[in-house]
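Chemist: Just so it is clear, I am handing over data_24.txt, which has compact mmCIF, C-alpha atoms.
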```
# COMPACT_ATOMS: atom_id res chain seq x y z
CA MET A 21 -93.07 112.78 -48.92
CA GLN A 22 -92.03 116.17 -47.59
CA THR A 23 -88.50 116.34 -46.19
CA SER A 24 -88.34 117.27 -42.51
CA PHE A 25 -86.14 119.95 -40.98
CA ASP A 26 -84.02 117.30 -39.19
CA ASP A 27 -83.55 115.31 -42.40
CA LEU A 28 -82.29 118.42 -44.19
CA ILE A 29 -79.89 119.30 -41.36
CA GLU A 30 -78.47 115.79 -41.15
CA SER A 31 -78.21 115.37 -44.93
CA GLY A 32 -75.72 118.20 -45.27
CA LYS A 33 -77.95 119.92 -47.85
CA LYS A 34 -78.72 123.62 -47.78
CA VAL A 35 -81.85 124.55 -45.84
CA TYR A 36 -84.09 127.21 -47.39
CA VAL A 37 -87.14 128.79 -45.78
CA VAL A 38 -89.57 131.49 -46.85
CA ASN A 39 -91.33 134.04 -44.64
CA ASN A 40 -94.89 132.68 -44.49
CA THR A 41 -96.52 135.15 -42.09
CA GLU A 42 -100.01 136.31 -43.06
CA PRO A 43 -100.32 139.14 -43.71
CA ARG A 44 -96.66 139.18 -44.71
CA GLY A 45 -94.48 141.13 -42.26
CA LEU A 46 -90.99 141.29 -40.79
CA LEU A 47 -90.38 138.16 -38.70
CA LEU A 48 -87.83 138.15 -35.87
CA CYS A 49 -86.31 134.99 -34.45
CA THR A 50 -83.80 134.61 -31.61
CA VAL A 51 -81.39 131.66 -31.67
CA ILE A 52 -78.62 130.70 -29.24
CA ASP A 53 -75.18 130.39 -30.80
CA ALA A 54 -73.96 126.83 -30.17
CA LEU A 55 -70.35 127.96 -29.66
CA SER A 56 -70.62 131.18 -27.66
CA GLY A 57 -73.94 130.52 -25.95
CA LYS A 58 -75.01 134.08 -26.79
CA PRO A 59 -78.41 134.94 -28.29
CA GLN A 60 -78.45 136.05 -31.92
CA LYS A 61 -81.42 137.72 -33.61
CA ILE A 62 -82.28 136.81 -37.21
CA GLU A 63 -84.58 138.94 -39.35
CA PHE A 64 -86.74 137.36 -42.03
CA HIS A 65 -87.77 140.28 -44.18
CA ARG A 66 -91.16 140.80 -45.82
CA THR A 67 -90.49 139.14 -49.16
CA TRP A 68 -91.46 136.18 -51.31
CA ILE A 69 -87.93 134.90 -52.01
CA PRO A 70 -86.41 132.22 -49.75
CA PHE A 71 -83.60 132.57 -47.19
CA CYS A 72 -80.78 130.03 -46.82
CA LEU A 73 -80.53 129.18 -43.12
CA THR A 74 -77.34 127.19 -43.52
CA ASP A 75 -75.59 130.17 -45.09
CA ARG A 76 -76.43 132.24 -42.03
CA LEU A 77 -75.82 129.91 -39.10
CA PRO A 78 -73.91 126.69 -38.24
CA ARG A 79 -75.98 123.51 -38.54
CA GLU A 80 -75.49 122.73 -34.85
CA THR A 81 -77.03 126.10 -33.94
CA LEU A 82 -79.97 125.50 -36.28
CA GLN A 83 -80.54 122.00 -34.97
CA LYS A 84 -80.64 123.11 -31.32
CA SER A 85 -82.85 126.17 -31.84
CA ILE A 86 -86.23 125.52 -30.21
CA GLU A 87 -87.68 128.83 -31.39
CA LEU A 88 -86.67 128.21 -34.99
CA ARG A 89 -88.33 124.78 -34.86
CA ARG A 90 -91.52 126.38 -33.52
CA TYR A 91 -91.52 128.83 -36.42
CA ILE A 92 -91.17 125.98 -38.91
CA ASP A 93 -93.72 123.73 -37.18
CA SER A 94 -96.25 126.58 -37.07
CA GLN A 95 -95.57 127.42 -40.75
CA LEU A 96 -94.45 130.99 -39.95
CA LEU A 97 -91.36 129.82 -41.79
CA LYS A 98 -92.02 127.39 -44.63
CA LEU A 99 -89.36 124.95 -45.85
CA VAL A 100 -88.60 125.29 -49.56
CA PRO A 101 -86.86 122.51 -51.57
CA GLU A 102 -83.37 123.54 -52.67
CA ASP A 103 -84.06 123.19 -56.40
CA GLU A 104 -87.18 125.34 -56.12
CA ALA A 105 -85.35 127.93 -54.00
CA GLN A 106 -82.50 128.14 -56.52
CA ARG A 107 -84.98 128.54 -59.36
CA MET A 108 -86.74 131.38 -57.55
CA LEU A 109 -83.50 133.15 -56.63
CA SER A 110 -81.95 132.81 -60.08
CA SER A 111 -84.99 134.15 -61.95
CA PRO A 112 -84.81 137.78 -63.14
CA ARG A 113 -87.61 138.70 -60.73
CA GLY A 114 -85.86 136.92 -57.85
CA GLN A 115 -82.53 138.62 -58.57
CA ALA A 116 -84.24 142.03 -58.65
CA GLU A 117 -85.91 141.32 -55.31
CA TYR A 118 -82.60 140.14 -53.79
CA ARG A 119 -80.92 143.37 -54.90
CA ARG A 120 -83.79 145.39 -53.41
CA LEU A 121 -83.48 143.61 -50.06
CA HIS A 122 -79.70 143.92 -50.06
CA HIS A 123 -79.98 147.66 -50.72
CA SER A 124 -82.65 148.23 -48.07
CA VAL A 125 -80.69 146.34 -45.40
CA PHE A 126 -77.29 147.96 -45.98
CA SER A 127 -78.17 151.45 -47.21
CA LYS A 128 -77.94 154.30 -44.68
CA GLY A 129 -78.70 157.99 -44.36
CA SER A 130 -80.96 159.60 -46.91
CA ALA A 131 -81.96 156.33 -48.56
CA MET A 132 -83.41 155.07 -45.28
CA THR A 133 -85.08 158.42 -44.68
CA ASP A 134 -86.71 158.23 -48.10
CA ALA A 135 -87.94 154.72 -47.37
CA LYS A 136 -89.52 155.84 -44.11
CA ARG A 137 -91.12 158.83 -45.83
CA SER A 138 -92.59 156.56 -48.51
CA LEU A 139 -94.02 154.26 -45.85
CA ILE A 140 -95.61 157.19 -44.02
CA GLU A 141 -97.09 158.60 -47.22
CA SER A 142 -98.41 155.19 -48.27
CA THR A 143 -100.05 154.63 -44.90
CA LYS A 144 -101.55 158.11 -44.95
CA HIS A 145 -103.01 157.50 -48.40
CA GLN A 146 -104.50 154.17 -47.33
CA ASN A 147 -106.30 155.89 -44.45
CA ASP A 148 -107.47 159.05 -46.22
CA GLY A 149 -110.80 157.51 -47.21
CA GLY A 150 -110.00 157.82 -50.92
CA ALA A 151 -109.79 161.63 -50.93
CA HIS A 152 -106.98 161.53 -53.49
CA GLN A 153 -108.15 158.72 -55.72
CA VAL A 154 -106.07 158.09 -58.82
CA ASN A 155 -109.16 156.92 -60.69
CA PRO A 156 -111.98 159.30 -59.66
CA SER A 157 -114.46 157.34 -61.80
CA VAL A 158 -113.85 154.13 -59.83
CA GLN A 159 -116.15 153.57 -56.87
CA TYR A 160 -113.55 152.20 -54.46
CA LEU A 161 -116.12 151.65 -51.73
CA ASP A 162 -117.90 149.17 -53.98
CA LEU A 163 -114.73 147.10 -54.30
CA ASN A 164 -113.25 144.96 -51.57
CA LEU A 165 -109.64 145.48 -52.62
CA HIS A 166 -106.43 144.69 -50.79
CA PRO A 167 -105.69 147.67 -48.49
CA ARG A 168 -102.43 148.42 -50.32
CA ILE A 169 -103.92 148.62 -53.82
CA LYS A 170 -104.80 152.33 -53.73
CA ALA A 171 -101.43 153.28 -52.30
CA TRP A 172 -99.63 151.27 -55.01
CA GLU A 173 -101.69 152.91 -57.73
CA HIS A 174 -101.00 156.35 -56.29
CA ARG A 175 -97.24 155.71 -56.07
CA VAL A 176 -97.18 154.45 -59.67
CA SER A 177 -99.01 157.54 -60.89
CA THR A 178 -96.51 159.86 -59.16
CA GLY A 179 -93.50 157.96 -60.55
CA GLU A 180 -92.41 156.80 -57.09
CA LEU A 181 -92.88 153.13 -57.98
CA ASN A 182 -91.99 151.40 -61.25
CA GLY A 183 -93.39 148.22 -62.72
CA ILE A 184 -90.58 145.85 -61.74
CA THR A 185 -90.51 147.03 -58.12
CA LEU A 186 -94.28 146.79 -57.82
CA VAL A 187 -94.30 143.25 -59.26
CA ASN A 188 -91.95 142.20 -56.45
CA GLU A 189 -94.31 143.80 -53.94
CA LEU A 190 -97.22 141.92 -55.51
CA GLU A 191 -95.30 138.64 -55.46
CA THR A 192 -94.68 139.16 -51.75
CA HIS A 193 -98.42 139.61 -51.16
CA ARG A 194 -99.64 137.10 -53.77
CA LEU A 195 -101.35 134.85 -51.23
CA GLU A 196 -103.30 137.87 -49.93
CA LEU A 197 -104.51 139.03 -53.36
CA THR A 198 -107.93 137.92 -54.58
CA GLU A 199 -109.36 137.50 -58.07
CA GLN A 200 -110.93 140.96 -57.76
CA ASP A 201 -107.51 142.43 -56.91
CA MET A 202 -105.94 140.77 -59.94
CA ASN A 203 -108.71 141.97 -62.26
CA TYR A 204 -108.27 145.49 -60.93
CA LEU A 205 -104.51 145.34 -61.58
CA VAL A 206 -105.20 144.30 -65.17
CA ALA A 207 -107.75 147.05 -65.78
CA GLY A 208 -106.24 149.85 -63.66
CA ASN A 209 -103.52 152.44 -64.28
CA PHE A 210 -100.58 150.10 -63.78
CA PRO A 211 -97.41 149.39 -65.80
CA GLN A 212 -97.35 146.58 -68.35
CA GLU A 213 -95.23 144.35 -66.07
CA VAL A 214 -97.96 144.53 -63.44
CA LYS A 215 -100.73 143.76 -65.93
CA GLU A 216 -98.75 140.73 -67.17
CA PHE A 217 -98.22 139.52 -63.59
CA ALA A 218 -101.94 139.79 -62.81
CA SER A 219 -102.96 138.18 -66.11
CA GLU A 220 -100.61 135.26 -65.44
CA ALA A 221 -102.01 134.87 -61.91
CA LEU A 222 -105.58 134.85 -63.25
CA GLY A 223 -104.68 132.29 -65.90
CA SER A 224 -102.98 129.95 -63.42
CA GLN A 225 -105.52 130.61 -60.65
CA SER A 226 -102.63 131.48 -58.32
CA PHE A 227 -104.35 133.92 -56.00
CA ASN A 228 -106.28 133.89 -52.73
CA LYS A 229 -109.62 132.19 -53.41
CA GLU A 230 -111.02 132.86 -49.95
CA PRO A 231 -113.52 135.75 -49.67
CA ARG A 232 -111.98 138.78 -48.01
CA SER A 233 -113.81 140.14 -44.99
CA LYS A 234 -114.07 143.87 -44.53
CA THR A 235 -111.45 145.14 -42.08
CA PRO A 236 -112.99 147.39 -39.43
CA GLU A 237 -111.65 150.93 -39.60
CA SER A 238 -110.93 150.85 -35.88
CA ALA A 239 -108.72 147.76 -36.14
CA PRO A 240 -105.21 148.44 -34.76
CA PRO A 241 -102.32 148.36 -37.26
CA ARG A 242 -100.14 145.27 -37.43
CA PRO A 243 -96.73 145.67 -35.71
CA ALA A 244 -93.78 146.27 -38.03
CA ALA A 245 -91.97 143.22 -36.66
CA TYR A 246 -93.61 139.99 -35.55
CA GLU A 247 -92.35 137.95 -32.60
CA PRO A 248 -94.93 135.35 -31.53
CA ASP A 249 -95.64 135.00 -27.83
CA TRP A 250 -95.41 131.28 -27.24
CA GLY A 251 -96.49 131.64 -23.63
```
Give the structure from this file in structure tokens form.
Modeler:
Amino acid sequence: MQTSFDDLIESGKKVYVVNNTEPRGLLLCTVIDALSGKPQKIEFHRTWIPFCLTDRLPRETLQKSIELRRYIDSQLLKLVPEDEAQRMLSSPRGQAEYRRLHHSVFSKGSAMTDAKRSLIESTKHQNDGGAHQVNPSVQYLDLNLHPRIKAWEHRVSTGELNGITLVNELETHRLELTEQDMNYLVAGNFPQEVKEFASEALGSQSFNKEPRSKTPESAPPRPAAYEPDWG
């Protein structure tokens, strides 16, 4: 039987959650500090590794947070068993992702500017209609690929993205990637780490098995940060 949020709080165990928004995006949550009574904003970054709530906030604050409970009840935040969370965080891939997040949160100046420039360039490439295709022989319009696939392939080809970093990106979006996406990653111009990731996903059937609908070109972009309106 799945352990409830209240059971975890009362047991004294660590409470881990993972950002479960779909598509995966930055999730913002406001909690009221139990001691000061002041609001405190928590960011759950776009990643596949879990966050330890009890390392961030006192248990009393967690227990009394209505908004946090809504996030968990609605599965925007998904509870992760402690042993599974520790296994994910201690794996080489998990440690690399933790270091990436730590760097992106605390780095300033030019590093942040570079990150913003990369995001702009990636978005531009996704919307350019395939004018700068990495594989000219591939008929992209015939494939219903994840919207980030072309941008990832482009960034790999220009040396902006290496295999390990891209695998962490793919892990973050695993539940959005279909069998066609995984097959393309195996066959496309991607580093060996990426091909191994996709091959493993195909072998274990750990990908999105739902058919992907075509996204209308006029659809508005998803906000960078997601704060549900509960009415």
Chemist: Would you please work out which residue, of A:Glu80, A:Glu199, A:Glu117, A:Glu30, is nearest to Lys229 (chain A) when using all atoms listed in the file?
Modeler: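 Counting all atoms listed in the file, the residue closest to Lys229 (chain A) is A:Glu199.
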Chemist: What does the distance between CA of Gln106 (chain A) and CA of Phe227 (chain A) come to in Å, to one decimal place?
Modeler: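 If I compute the distance from CA of Gln106 (chain A) to CA of Phe227 (chain A), I get 22.6 Å.
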Chemist: I'd like the interatomic distance between CA of Leu205 (chain A) and CA of Thr178 (chain A), to a tenth of an Å.
Modeler: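 Interatomic distance, CA of Leu205 (chain A) to CA of Thr178 (chain A): 16.8 Å.
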Chemist: What lies within 8 Å of Asn40 (chain A) using only C-alpha atoms, ignoring chain neighbours under 4 positions off, as a list of chain:residue names?
Modeler: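 Listed by chain and then number, they are A:Arg44, A:Gln95, A:Leu96, A:Leu97, A:Lys98.
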Chemist: What is the CA of Val51 (chain A) to CA of Asp75 (chain A) distance in Å?
Modeler: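 Interatomic distance, CA of Val51 (chain A) to CA of Asp75 (chain A): 14.7 Å.
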Chemist: Hey, what's within 8 Å of Ser226 (chain A) if we count all atoms listed in the file and toss same-chain stuff fewer than 4 positions away? As an MDAnalysis selection string, please?
Modeler: chainID A and resid 194:195 221:222
Chemist: Could you pull the residues within 10 Å of Gly32 (chain A), counting all atoms listed in the file, minus those fewer than 3 positions along the same chain, as a list in words?
Modeler: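 Counting all atoms listed in the file, the residues come to Asp27, Leu28, Ile29, Val35, Thr74 and Arg79 of chain A.
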